[in-house]
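Trainee: Can you read through this structure? Questions will come right after.
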Amino acid sequence: MKAVEANNLHKTFTSKKESVEAVKGVSFSVEQGEVFSILGPNGAGKSTTILMLTTLLGISKGTASIMGLDVEKQDKEVRTKIGVALQDTGIDLLLTARELLYTTGRLWGLNKQESNLRTEELLQLVGLTESADRRVKTYSGGMKRRLDLGLSLVNEPEVLFLDEPTTGLDPASRRVIWDEIKRLNNNGVTVILTTQYLEEADELSDRLLIIDKGVVATEGTSDELKASVGGDVVTFDFEKEENVEVAKRLIDNAKVNQKQLRITVENGAEHIPIFMKTFTENKLNVKSVSANKPTLDDVFLKVTGFSMENDNQSEKKQSKKSNYEKRGRRIRR
Ligand SMILES: Nc1ncnc2c1ncn2[C@@H]1O[C@H](COP(=O)(O)OP(=O)(O)O)[C@@H](O)[C@H]1O
Ligand SMILES: [Mg+2]
């Protein structure tokens, strides 16, 4: 049995003025025990997909199941199997973390004693025991996201949905959430998360789905997707920077990128000695060389025709988002 199956999901939002096709035929499945990422730029349809899968939004067309249960016909049973942490949470900022967790436990049908026990367990799990009696409005962004995560775990879900769990967090808080996601997954929880961060998808997911403008652009493991771009990128630095132009003329399809020579070939590591021989024969001393797989940004560029890296740069002009967030979205090469 699959943890999640989505078949040709569609969502159209209609108002008097217009109708928006937010999701246009998205299909995928997630195995039990996987971490599965849905990656895509703002407005791609990630949240809409998550809302439909978690019974919180009607499906316009198509079908979905969670642990073999039909999302529309068996919505009550589905809700007992899943945990959800949404992008825009409606948590009551005037309450404390302990109060919120306890109340949520009671809503899930735990008795007072059980709910107290579960509250203490979860506070420990998400590292909020020390701050459990502070009002949530005094929490940092990272603490709030950890509480969201805690709240989504009250009913001991088998399948956990996290909509952009680290957006807006600084790198250290992001790392804490990543570790928690990994730990939950090691304990057998299937995780479906959405993200705009390429490195997050890369670090956490067993498999990932790239969506853009409501449709699936591609799907696979990070390695498969990168391999689909073709080959490795071999990068040379020369002791004398001006030699890069001379070197370029000696190798087919070599490109100069900021004083480095870049060559895309199959089996980059095997080619390095051959390139080195050519350069040595021509008295071009190499300072450093590396062979790297294409990044997820190269994949994104290939399947959508634009780079998330560039998108993030254009976003800088208009966005009020934190520097951390912009930095996180950039790809480290
Ligand atoms: N309730 C809604 N009414 C109308 N349009 C919506 C609504 N929710 C989302 N949309 C639109 O649907 C598209 C996908 O949105 P969303 O699923 O939130 O994308 P993402 O989560 O990938 O950023 C966007 O164009 C968005 O403006
Ligand atoms: Mg969203």
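Residue numbering restarts at 1 for every chain of the structure tokens, chains are lettered A, B, ... in their displayed order, and ligands are numbered from 1 as they appear.
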Write out as a list in words the residues lying within 7 Å of Asp163 in chain A, counting only C-alpha atoms and excluding same-chain residues fewer than 6 positions away.
Mentor: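 The neighbour list is Ser47, Ala85, Leu86, Gln87, Leu193 and Thr194 of chain A.
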Trainee: Sorted by chain and rising residue number, which residues of chain A lie within 9 Å of ligand 2, and what are their closest atom pairs and distances in Å to one decimal, counting only C-alpha atoms and all ligand atoms, as a tab-separated table?
Mentor:
residue	atom	partner	partner_atom_place_in_ligand_line	distance
A:Pro41	CA	ligand 2	1 (Mg)	8.9
A:Asn42	CA	ligand 2	1 (Mg)	6.7
A:Gly43	CA	ligand 2	1 (Mg)	6.8
A:Ala44	CA	ligand 2	1 (Mg)	7.9
A:Gly45	CA	ligand 2	1 (Mg)	6.9
A:Lys46	CA	ligand 2	1 (Mg)	5.3
A:Ser47	CA	ligand 2	1 (Mg)	4.0
A:Thr48	CA	ligand 2	1 (Mg)	7.2
A:Ile50	CA	ligand 2	1 (Mg)	8.8
A:Leu86	CA	ligand 2	1 (Mg)	8.7
A:Gln87	CA	ligand 2	1 (Mg)	6.4
A:Asp88	CA	ligand 2	1 (Mg)	8.7
A:Asp163	CA	ligand 2	1 (Mg)	6.7
A:Glu164	CA	ligand 2	1 (Mg)	7.0
A:Thr194	CA	ligand 2	1 (Mg)	7.7
A:Thr195	CA	ligand 2	1 (Mg)	8.3
A:Gln196	CA	ligand 2	1 (Mg)	9.0
Trainee: Just write the chosen residues, N, CA and C atoms, as an mmCIF file, in the first residue's frame.
Mentor:
data_model
loop_
_atom_site.group_PDB
_atom_site.id
_atom_site.type_symbol
_atom_site.label_atom_id
_atom_site.label_comp_id
_atom_site.auth_asym_id
_atom_site.auth_seq_id
_atom_site.Cartn_x
_atom_site.Cartn_y
_atom_site.Cartn_z
ATOM 1 N N PRO A 41 8.518 27.074 -7.416
ATOM 2 C CA PRO A 41 8.541 28.497 -7.045
ATOM 3 C C PRO A 41 7.205 28.928 -6.446
ATOM 4 N N ASN A 42 7.154 30.135 -5.956
ATOM 5 C CA ASN A 42 5.917 30.716 -5.442
ATOM 6 C C ASN A 42 4.802 30.620 -6.463
ATOM 7 N N GLY A 43 3.628 30.167 -6.025
ATOM 8 C CA GLY A 43 2.482 30.122 -6.927
ATOM 9 C C GLY A 43 2.420 28.878 -7.792
ATOM 10 N N ALA A 44 3.319 27.931 -7.566
ATOM 11 C CA ALA A 44 3.378 26.715 -8.395
ATOM 12 C C ALA A 44 2.184 25.788 -8.168
ATOM 13 N N GLY A 45 1.561 25.902 -6.964
ATOM 14 C CA GLY A 45 0.448 25.015 -6.639
ATOM 15 C C GLY A 45 0.778 24.034 -5.530
ATOM 16 N N LYS A 46 1.867 24.273 -4.817
ATOM 17 C CA LYS A 46 2.300 23.356 -3.755
ATOM 18 C C LYS A 46 1.288 23.320 -2.606
ATOM 19 N N SER A 47 0.937 24.492 -2.067
ATOM 20 C CA SER A 47 0.014 24.525 -0.920
ATOM 21 C C SER A 47 -1.350 23.976 -1.310
ATOM 22 N N THR A 48 -1.815 24.326 -2.495
ATOM 23 C CA THR A 48 -3.123 23.845 -2.950
ATOM 24 C C THR A 48 -3.132 22.317 -3.006
ATOM 25 N N ILE A 50 -1.232 20.257 -1.220
ATOM 26 C CA ILE A 50 -1.220 19.763 0.157
ATOM 27 C C ILE A 50 -2.611 19.886 0.792
ATOM 28 N N LEU A 86 0.711 23.659 8.362
ATOM 29 C CA LEU A 86 0.471 24.497 7.180
ATOM 30 C C LEU A 86 1.391 25.698 7.156
ATOM 31 N N GLN A 87 1.425 26.329 5.988
ATOM 32 C CA GLN A 87 2.291 27.485 5.781
ATOM 33 C C GLN A 87 1.820 28.662 6.630
ATOM 34 N N ASP A 88 0.530 28.962 6.560
ATOM 35 C CA ASP A 88 -0.014 30.048 7.379
ATOM 36 C C ASP A 88 -0.803 29.422 8.502
ATOM 37 N N ASP A 163 4.051 22.039 5.051
ATOM 38 C CA ASP A 163 4.053 23.013 3.953
ATOM 39 C C ASP A 163 5.083 24.099 4.254
ATOM 40 N N GLU A 164 6.165 24.080 3.521
ATOM 41 C CA GLU A 164 7.283 25.023 3.709
ATOM 42 C C GLU A 164 7.677 25.168 5.182
ATOM 43 N N THR A 194 6.769 20.512 1.316
ATOM 44 C CA THR A 194 6.942 21.409 0.178
ATOM 45 C C THR A 194 8.065 22.367 0.524
ATOM 46 N N THR A 195 8.741 22.831 -0.488
ATOM 47 C CA THR A 195 9.830 23.767 -0.233
ATOM 48 C C THR A 195 10.149 24.587 -1.477
ATOM 49 N N GLN A 196 10.691 25.773 -1.231
ATOM 50 C CA GLN A 196 11.236 26.567 -2.338
ATOM 51 C C GLN A 196 12.746 26.502 -2.318
#
Trainee: Please, which residues in range 73-107 of chain A fall within 10 Å of range 143-158 of chain A when counting only C-alpha atoms, and what is the closest atom pair and distance in Å to one decimal for each, ordered by chain then residue number, as CSV?
Mentor:
residue,atom,partner,partner_atom,distance
A:Arg79,CA,A:Pro157,CA,8.9
A:Thr80,CA,A:Asn155,CA,7.0
A:Lys81,CA,A:Pro157,CA,5.0
A:Ile82,CA,A:Pro157,CA,4.7
A:Gly83,CA,A:Ser152,CA,4.6
A:Val84,CA,A:Ser152,CA,5.1
A:Ala85,CA,A:Ser152,CA,5.7
A:Leu86,CA,A:Asp148,CA,8.1
A:Gln87,CA,A:Arg145,CA,9.5
A:Thr89,CA,A:Asp148,CA,7.7
A:Gly90,CA,A:Asp148,CA,9.8
A:Ile91,CA,A:Asp148,CA,8.2
A:Leu93,CA,A:Lys144,CA,9.6
A:Ala97,CA,A:Leu147,CA,6.9
A:Arg98,CA,A:Leu147,CA,9.7
A:Leu100,CA,A:Leu151,CA,7.8
A:Leu101,CA,A:Leu151,CA,6.0
A:Tyr102,CA,A:Val154,CA,9.0
A:Thr103,CA,A:Leu151,CA,10.0
A:Thr104,CA,A:Val154,CA,7.0
A:Gly105,CA,A:Val154,CA,6.1
A:Arg106,CA,A:Val154,CA,9.7
A:Leu107,CA,A:Asn155,CA,9.8
Trainee: Those same residues, written as a PDB file, in the first residue's frame with C-alpha atoms?
Mentor:
ATOM      1  CA  ARG A  79      -7.565  12.740   9.215  1.00  0.00           C
ATOM      2  CA  THR A  80      -6.701  10.217  11.938  1.00  0.00           C
ATOM      3  CA  LYS A  81      -3.719   8.989   9.873  1.00  0.00           C
ATOM      4  CA  ILE A  82      -2.194  12.350   9.031  1.00  0.00           C
ATOM      5  CA  GLY A  83      -0.511  15.312  10.660  1.00  0.00           C
ATOM      6  CA  VAL A  84      -0.425  18.692   8.969  1.00  0.00           C
ATOM      7  CA  ALA A  85       1.668  21.802   9.547  1.00  0.00           C
ATOM      8  CA  LEU A  86       0.471  24.497   7.180  1.00  0.00           C
ATOM      9  CA  GLN A  87       2.291  27.485   5.781  1.00  0.00           C
ATOM     10  CA  THR A  89      -0.844  28.599  10.743  1.00  0.00           C
ATOM     11  CA  GLY A  90      -3.727  29.850  12.744  1.00  0.00           C
ATOM     12  CA  ILE A  91      -2.189  29.138  16.146  1.00  0.00           C
ATOM     13  CA  LEU A  93      -0.480  33.513  19.927  1.00  0.00           C
ATOM     14  CA  ALA A  97       2.862  25.962  23.888  1.00  0.00           C
ATOM     15  CA  ARG A  98       1.819  23.687  26.748  1.00  0.00           C
ATOM     16  CA  LEU A 100      -1.932  24.515  22.787  1.00  0.00           C
ATOM     17  CA  LEU A 101      -0.552  20.998  22.814  1.00  0.00           C
ATOM     18  CA  TYR A 102      -2.804  19.958  25.688  1.00  0.00           C
ATOM     19  CA  THR A 103      -5.941  21.383  24.033  1.00  0.00           C
ATOM     20  CA  THR A 104      -5.067  19.732  20.744  1.00  0.00           C
ATOM     21  CA  GLY A 105      -4.659  16.405  22.553  1.00  0.00           C
ATOM     22  CA  ARG A 106      -8.085  16.806  24.116  1.00  0.00           C
ATOM     23  CA  LEU A 107      -9.571  17.641  20.695  1.00  0.00           C
TER      24      LEU A 107
END
Trainee: Step one, run DSSP on the backbone; step two, keep only residues of range 22-175 of chain A assigned to alpha helix (DSSP H); then write them as a ChimeraX atom specification.
Mentor: /A:46-53,75-81,97-107,112-125,141-152,171-175
Trainee: Between A:Ala291, A:Ile210, A:Leu250, A:Leu94, single out the one closest to Tyr197 in chain A, counting only C-alpha atoms.
Mentor: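 Among the listed residues, the smallest separation from Tyr197 in chain A belongs to A:Ile210.
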